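Asker: Input file: start.cif. Contents: mmCIF, C-alpha atoms.
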```cif
data_target
#
loop_
_atom_site.label_atom_id
_atom_site.label_comp_id
_atom_site.auth_asym_id
_atom_site.auth_seq_id
_atom_site.Cartn_x
_atom_site.Cartn_y
_atom_site.Cartn_z
CA MET K 1 -19.79 -16.51 19.41
CA GLY K 2 -16.22 -16.06 18.16
CA LEU K 3 -13.87 -18.61 16.70
CA LYS K 4 -12.25 -21.35 18.74
CA ARG K 5 -8.60 -21.94 17.92
CA ASP K 6 -6.13 -24.47 19.26
CA VAL K 7 -3.13 -22.40 18.15
CA SER K 8 -1.65 -19.78 20.48
CA LEU K 9 -0.27 -16.47 19.19
CA PRO K 10 3.45 -17.32 19.87
CA MET K 11 2.89 -20.68 18.16
CA GLY K 12 1.32 -18.92 15.19
CA LEU K 13 4.25 -16.51 14.98
CA ARG K 14 6.75 -19.38 15.03
CA TYR K 15 5.00 -21.19 12.14
CA ARG K 16 7.08 -21.44 8.98
CA GLY K 17 5.22 -22.55 5.87
CA PRO K 18 6.31 -22.97 2.24
CA ALA K 19 6.86 -20.14 -0.31
CA GLY K 20 3.34 -18.74 -0.09
CA TYR K 21 3.70 -18.21 3.65
CA LEU K 22 6.70 -15.90 3.33
CA THR K 23 4.85 -13.66 0.87
CA PHE K 24 1.76 -13.76 3.10
CA ILE K 25 3.64 -12.57 6.19
CA LEU K 26 5.67 -9.97 4.25
CA HIS K 27 2.46 -8.68 2.67
CA ARG K 28 1.04 -8.27 6.16
CA ILE K 29 4.19 -6.59 7.53
CA GLY K 30 4.26 -4.27 4.50
CA GLY K 31 0.58 -3.42 4.89
CA LEU K 32 0.92 -2.76 8.63
CA GLY K 33 4.10 -0.74 8.05
CA MET K 34 2.28 1.47 5.56
CA GLY K 35 -0.76 1.68 7.84
CA VAL K 36 1.28 2.88 10.81
CA PHE K 37 3.74 5.19 9.03
CA ILE K 38 1.43 6.72 6.45
CA THR K 39 -0.99 7.51 9.30
CA LEU K 40 1.86 9.26 11.11
CA HIS K 41 2.83 11.03 7.89
CA ILE K 42 -0.74 12.29 7.29
CA LEU K 43 -1.09 13.41 10.92
CA ALA K 44 2.30 15.16 10.79
CA SER K 45 1.49 16.94 7.52
CA PHE K 46 -1.93 17.91 8.88
CA ALA K 47 -0.49 19.24 12.14
CA GLY K 48 2.39 21.08 10.42
CA GLY K 49 4.58 23.35 12.55
CA ARG K 50 7.69 22.15 14.38
CA LEU K 51 6.29 18.82 15.56
CA GLY K 52 4.98 17.97 12.10
CA GLY K 53 8.27 19.01 10.53
CA ALA K 54 10.24 16.86 12.96
CA LEU K 55 8.03 13.82 12.30
CA ASN K 56 8.23 14.31 8.53
CA GLY K 57 12.00 14.59 8.90
CA ILE K 58 11.98 10.88 9.72
CA TYR K 59 10.65 10.24 6.21
CA GLU K 60 13.58 12.00 4.61
CA ASN K 61 16.06 9.80 6.47
CA TRP K 62 17.65 7.30 4.08
CA ALA K 63 17.37 4.34 6.50
CA PHE K 64 13.66 4.93 6.88
CA GLN K 65 13.21 5.26 3.12
CA ILE K 66 14.80 1.84 2.62
CA PHE K 67 12.25 0.39 5.05
CA ILE K 68 9.15 2.14 3.68
CA PHE K 69 10.13 1.44 0.05
CA PHE K 70 10.32 -2.25 0.96
CA CYS K 71 6.80 -2.09 2.46
CA VAL K 72 5.31 -0.23 -0.50
CA LEU K 73 7.06 -2.08 -3.35
CA PHE K 74 6.63 -5.55 -1.88
CA HIS K 75 2.98 -4.93 -1.00
CA ALA K 76 2.31 -3.54 -4.49
CA ILE K 77 4.05 -6.33 -6.44
CA ASN K 78 2.74 -9.14 -4.22
CA GLY K 79 -0.72 -7.54 -4.34
CA LEU K 80 -0.64 -7.60 -8.13
CA ARG K 81 0.09 -11.34 -8.06
CA ILE K 82 -2.78 -11.93 -5.61
CA THR K 83 -5.14 -9.81 -7.72
CA ILE K 84 -4.29 -11.52 -11.01
CA LEU K 85 -4.53 -15.02 -9.55
CA ASP K 86 -7.75 -14.30 -7.66
CA LEU K 87 -9.46 -12.72 -10.65
CA PHE K 88 -8.42 -15.63 -12.88
CA PRO K 89 -8.78 -18.54 -10.41
CA LYS K 90 -7.60 -21.14 -12.93
CA MET K 91 -4.12 -19.65 -12.65
CA LEU K 92 -4.02 -20.56 -8.92
CA ASP K 93 -2.62 -23.93 -10.01
CA TYR K 94 0.58 -22.03 -10.94
CA GLN K 95 0.86 -20.16 -7.65
CA THR K 96 4.43 -21.35 -6.92
CA GLU K 97 5.65 -20.28 -10.37
CA ALA K 98 3.86 -16.95 -9.97
CA ILE K 99 5.72 -16.35 -6.70
CA TRP K 100 9.06 -16.95 -8.47
CA VAL K 101 8.09 -14.44 -11.16
CA GLU K 102 7.12 -12.03 -8.40
CA TRP K 103 10.59 -12.27 -6.77
CA ALA K 104 12.21 -11.84 -10.19
CA VAL K 105 10.33 -8.54 -10.52
CA PHE K 106 10.62 -7.33 -6.94
CA ILE K 107 14.35 -7.91 -6.30
CA PRO K 108 15.70 -5.83 -9.26
CA VAL K 109 13.17 -3.00 -8.71
CA TYR K 110 13.91 -2.83 -4.98
CA CYS K 111 17.68 -3.07 -5.49
CA VAL K 112 17.63 -0.12 -7.90
CA ALA K 113 15.57 1.92 -5.42
CA VAL K 114 17.93 1.07 -2.51
CA TYR K 115 20.99 1.82 -4.63
CA VAL K 116 19.60 5.25 -5.55
CA ILE K 117 18.56 6.03 -1.97
CA ILE K 118 22.03 5.16 -0.63
CA SER K 119 23.96 6.95 -3.37
CA THR K 120 21.79 10.05 -2.83
CA ALA K 121 22.41 9.83 0.93
CA LEU K 122 26.16 9.69 0.25
CA GLY K 123 25.83 12.91 -1.74
CA GLY K 124 25.74 11.39 -5.22
CA MET J 1 -9.01 -31.60 0.31
CA GLU J 2 -11.25 -30.89 -2.67
CA LYS J 3 -9.07 -29.44 -5.37
CA LYS J 4 -12.05 -28.33 -7.43
CA SER J 5 -12.91 -25.32 -5.24
CA ARG J 6 -9.67 -23.59 -6.21
CA THR J 7 -10.92 -23.00 -9.74
CA LEU J 8 -14.38 -21.75 -8.78
CA SER J 9 -15.40 -18.84 -11.01
CA ILE J 10 -15.92 -15.44 -9.41
CA LYS J 11 -19.69 -15.60 -10.03
CA GLY J 12 -19.80 -19.10 -8.56
CA ARG J 13 -18.45 -17.85 -5.23
CA GLY J 14 -21.56 -15.77 -4.49
CA LEU J 15 -20.39 -12.25 -3.66
CA THR J 16 -23.38 -11.42 -1.50
CA ASN J 17 -22.38 -10.25 1.98
CA PHE J 18 -20.32 -7.21 2.94
CA GLU J 19 -17.08 -9.11 3.65
CA ALA J 20 -17.27 -10.86 0.27
CA ILE J 21 -17.91 -7.59 -1.55
CA MET J 22 -14.93 -6.05 0.27
CA TRP J 23 -12.84 -9.05 -0.83
CA GLY J 24 -13.61 -8.03 -4.40
CA PHE J 25 -13.10 -4.34 -3.63
CA THR J 26 -9.62 -5.04 -2.22
CA ARG J 27 -8.56 -6.63 -5.53
CA LEU J 28 -10.25 -4.10 -7.79
CA SER J 29 -8.97 -1.11 -5.79
CA ALA J 30 -5.45 -2.58 -6.14
CA LEU J 31 -5.89 -2.48 -9.93
CA GLY J 32 -7.34 1.04 -9.68
CA MET J 33 -4.33 2.21 -7.66
CA TYR J 34 -1.99 0.64 -10.21
CA ALA J 35 -3.74 2.63 -12.95
CA LEU J 36 -3.45 5.90 -11.00
CA ILE J 37 0.20 5.22 -10.07
CA LEU J 38 1.10 4.51 -13.71
CA PHE J 39 -0.75 7.67 -14.76
CA SER J 40 1.27 9.73 -12.24
CA LEU J 41 4.51 8.01 -13.29
CA ILE J 42 3.94 8.77 -16.99
CA GLY J 43 2.90 12.32 -16.10
CA ALA J 44 6.11 12.81 -14.09
CA LEU J 45 8.24 11.59 -17.00
CA ILE J 46 6.47 13.97 -19.39
CA MET J 47 6.86 16.90 -16.97
CA GLY J 48 10.63 16.53 -16.79
CA ALA J 49 11.36 13.88 -14.15
CA ARG J 50 13.97 12.34 -16.46
CA ASN J 51 16.42 15.19 -15.98
CA HIS J 52 15.53 16.66 -12.61
CA MET J 53 14.96 13.83 -10.13
CA ASN J 54 16.06 10.32 -9.21
CA VAL J 55 14.06 7.11 -9.25
CA ALA J 56 13.18 7.29 -5.54
CA ASP J 57 11.73 10.79 -6.02
CA VAL J 58 9.75 9.64 -9.06
CA LEU J 59 8.33 6.69 -7.12
CA ARG J 60 7.45 8.91 -4.16
CA TRP J 61 5.54 11.20 -6.53
CA SER J 62 3.89 8.27 -8.32
CA PHE J 63 2.58 6.69 -5.13
CA MET J 64 1.08 10.02 -4.05
CA PRO J 65 1.18 12.81 -6.68
CA ASN J 66 1.23 15.68 -4.20
CA VAL J 67 3.54 18.63 -4.93
CA THR J 68 5.27 18.45 -1.52
CA HIS J 69 6.76 15.13 -2.66
CA VAL J 70 8.84 16.81 -5.38
CA GLN J 71 9.82 20.01 -3.58
CA SER J 72 13.28 18.71 -2.64
CA THR J 73 14.21 17.84 -6.24
CA ASP J 74 16.10 19.86 -8.88
CA LEU J 75 12.93 21.03 -10.65
CA GLU J 76 13.12 24.66 -11.73
CA SER J 77 9.38 25.20 -11.29
CA THR J 78 6.66 23.04 -9.74
CA ASP J 79 3.80 24.92 -11.43
CA ALA J 80 2.90 22.01 -13.70
CA TRP J 81 2.84 19.68 -10.66
CA VAL J 82 0.09 21.54 -8.72
CA THR J 83 -2.71 21.56 -11.32
CA PRO J 84 -6.27 20.41 -10.43
CA LEU J 85 -5.58 17.29 -12.55
CA TRP J 86 -2.90 16.16 -10.09
CA LYS J 87 -4.99 17.16 -7.09
CA LEU J 88 -7.87 15.05 -8.41
CA THR J 89 -5.52 12.13 -9.15
CA ALA J 90 -4.05 12.39 -5.65
CA SER J 91 -7.53 12.57 -4.10
CA ALA J 92 -8.69 9.46 -5.99
CA LEU J 93 -5.53 7.62 -4.93
CA LEU J 94 -5.97 8.76 -1.32
CA LEU J 95 -9.60 7.62 -1.07
CA LEU J 96 -8.91 4.25 -2.74
CA ALA J 97 -5.83 3.64 -0.60
CA THR J 98 -7.59 4.62 2.64
CA ALA J 99 -10.54 2.31 1.99
CA HIS J 100 -8.21 -0.52 0.90
CA GLY J 101 -5.88 0.00 3.86
CA VAL J 102 -8.50 0.41 6.60
CA HIS J 103 -10.27 -2.73 5.42
CA GLY J 104 -6.91 -4.53 5.41
CA LEU J 105 -6.34 -3.52 9.04
CA VAL J 106 -9.80 -4.87 9.94
CA VAL J 107 -8.95 -8.18 8.24
CA ILE J 108 -5.70 -8.43 10.24
CA ALA J 109 -7.46 -7.47 13.50
CA ASP J 110 -10.12 -10.14 12.87
CA ASP J 111 -7.38 -12.79 12.88
CA TYR J 112 -6.56 -11.98 16.50
CA ILE J 113 -9.80 -10.46 17.87
CA THR J 114 -12.44 -13.14 17.57
CA GLY J 115 -15.12 -12.05 20.07
CA GLU J 116 -18.28 -10.35 18.86
CA THR J 117 -17.87 -7.22 21.02
CA GLY J 118 -14.20 -6.88 20.07
CA ARG J 119 -15.00 -7.07 16.39
CA LYS J 120 -17.75 -4.48 16.78
CA ILE J 121 -15.23 -2.12 18.45
CA VAL J 122 -12.72 -2.77 15.65
CA ARG J 123 -15.37 -1.80 13.10
CA LEU J 124 -16.30 1.39 14.93
CA ILE J 125 -12.62 2.41 15.17
CA SER J 126 -12.15 1.58 11.48
CA MET J 127 -15.03 3.87 10.48
CA ALA J 128 -13.51 6.73 12.48
CA MET J 129 -10.08 6.09 10.88
CA MET J 130 -11.62 5.94 7.40
CA ALA J 131 -13.36 9.31 7.87
CA GLY J 132 -10.43 10.96 9.67
CA TRP J 133 -7.69 9.94 7.24
CA SER J 134 -9.78 10.76 4.16
CA LEU J 135 -10.72 14.23 5.39
CA MET J 136 -7.21 15.08 6.67
CA GLY J 137 -5.64 13.79 3.45
CA LEU J 138 -8.02 15.76 1.23
CA TRP J 139 -7.32 18.89 3.28
CA ILE J 140 -3.55 18.42 2.84
CA ILE J 141 -3.83 17.75 -0.91
CA TRP J 142 -6.08 20.73 -1.68
CA THR J 143 -4.18 23.23 0.49
CA SER J 144 -0.58 22.32 -0.42
#
```
Mind turning the file's structure into structure tokens?

Answerer:
Amino acid sequence: MGLKRDVSLPMGLRYRGPAGYLTFILHRIGGLGMGVFITLHILASFAGGRLGGALNGIYENWAFQIFIFFCVLFHAINGLRITILDLFPKMLDYQTEAIWVEWAVFIPVYCVAVYVIISTALGG
Amino acid sequence: MEKKSRTLSIKGRGLTNFEAIMWGFTRLSALGMYALILFSLIGALIMGARNHMNVADVLRWSFMPNVTHVQSTDLESTDAWVTPLWKLTASALLLLATAHGVHGLVVIADDYITGETGRKIVRLISMAMMAGWSLMGLWIIWTS
């Protein structure tokens, strides 16, 4: 049968909700990013040879590492919030506060990782 | 909007069909991956990560404890990093992550593909991806 929706895809993409929406869409982008690039990484490592080496070379590029570390760290930290709140549903009343705690954890961890990636790229 | 439903206990939600069980699996596998990542992180610190690699290298190892992830660091020897213990940890992490990730892709696809045939195709593709990634990943882990 399928679902009937009165919202088009461009309209859905333009939607901006409150705090929970930003984490929802970043969780999705992070998950998709990992899905696409870890697939490529597995295929490249499996294939090996020159093509595999060239594809895996992308992963050693500092700009790419900044992107994939965002995907992985955000998805992991946001996922922990979702897991804790879903397993203890009474805490869902404090969802907004939990999202603030989440940013307080994510921003320092990610900044340290980016700082190290850049200083290593600059030869430090 | 009923506010009561937000505080429904896990048992009260009735985890009976496949999608509901996978909802639980997604959360529990996240916790499982956290445990394995912390285990790899602690292992790396014990094996000398403090002096021979930077935080990005340590995280790369923790998220997938395969020896190729530490080959570009200053380690003098990677012997301790290729033991069966780490291969088993990496395999467990790979299988959990693949199941978690493939199901996540199905959930995203279901938001945009709403027809019955389309969803059936998505599920068939997901089964092929699940098998392919798991087998390729295991091959890489046990031969590297």

Asker: Evaluate the PyMOL selection byres ((chain K) within 9 of (chain J)) on the structure here and hand back the selected residues as a PyMOL selection string.

Answerer: chain K and resi 1-4+9+28+31-32+34-35+39+42-43+45-46+65+69+72+76+79-80+82-84+86-93+112-114+116-117+120

Asker: Work out how far atom CA of Met64 of chain J is from atom CA of Trp142 of chain J, in Å to one decimal.

Answerer: 13.1 Å

Asker: In Å, how far is it from atom CA of Cys71 of chain K to atom CA of His27 of chain K?

Answerer: 7.9 Å

Asker: Evaluate the PyMOL selection byres ((chain J and resi 74) around 8) against this structure - the residues, as a ChimeraX atom specification, please.

Answerer: /J:52-53,72-73,75-76

Asker: Could you tell me how far atom CA of Ile118 of chain K lies from atom CA of Ala54 of chain K, in Å and to one decimal?

Answerer: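 Computing the Euclidean distance for atom CA of Ile118 of chain K and atom CA of Ala54 of chain K yields 21.5 Å.
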
Asker: Using only C-alpha atoms, which residue out of J:Trp81, J:Leu95, J:Ile125, J:Phe25 lies closest to Ile46 of chain J?

Answerer: J:Trp81

Asker: Could you give me, as a list in words, the residues within 10 Å of Glu102 of chain K, counting all atoms listed in the file and dropping anything in the same chain fewer than 5 positions from it?

Answerer: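 Residues near the query, excluding close chain neighbours: Thr23, Phe74, Ile77, Asn78, Gly79, Leu80, Arg81, Thr96, Glu97 and Ile107 of chain K.
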
Asker: Evaluated on this file, the PyMOL selection byres ((chain J and resi 36) around 9) picks out some residues - which ones are they, written as a PyMOL selection string?

Answerer: chain J and resi 31-35+37-41+62-63+89-90+92-93
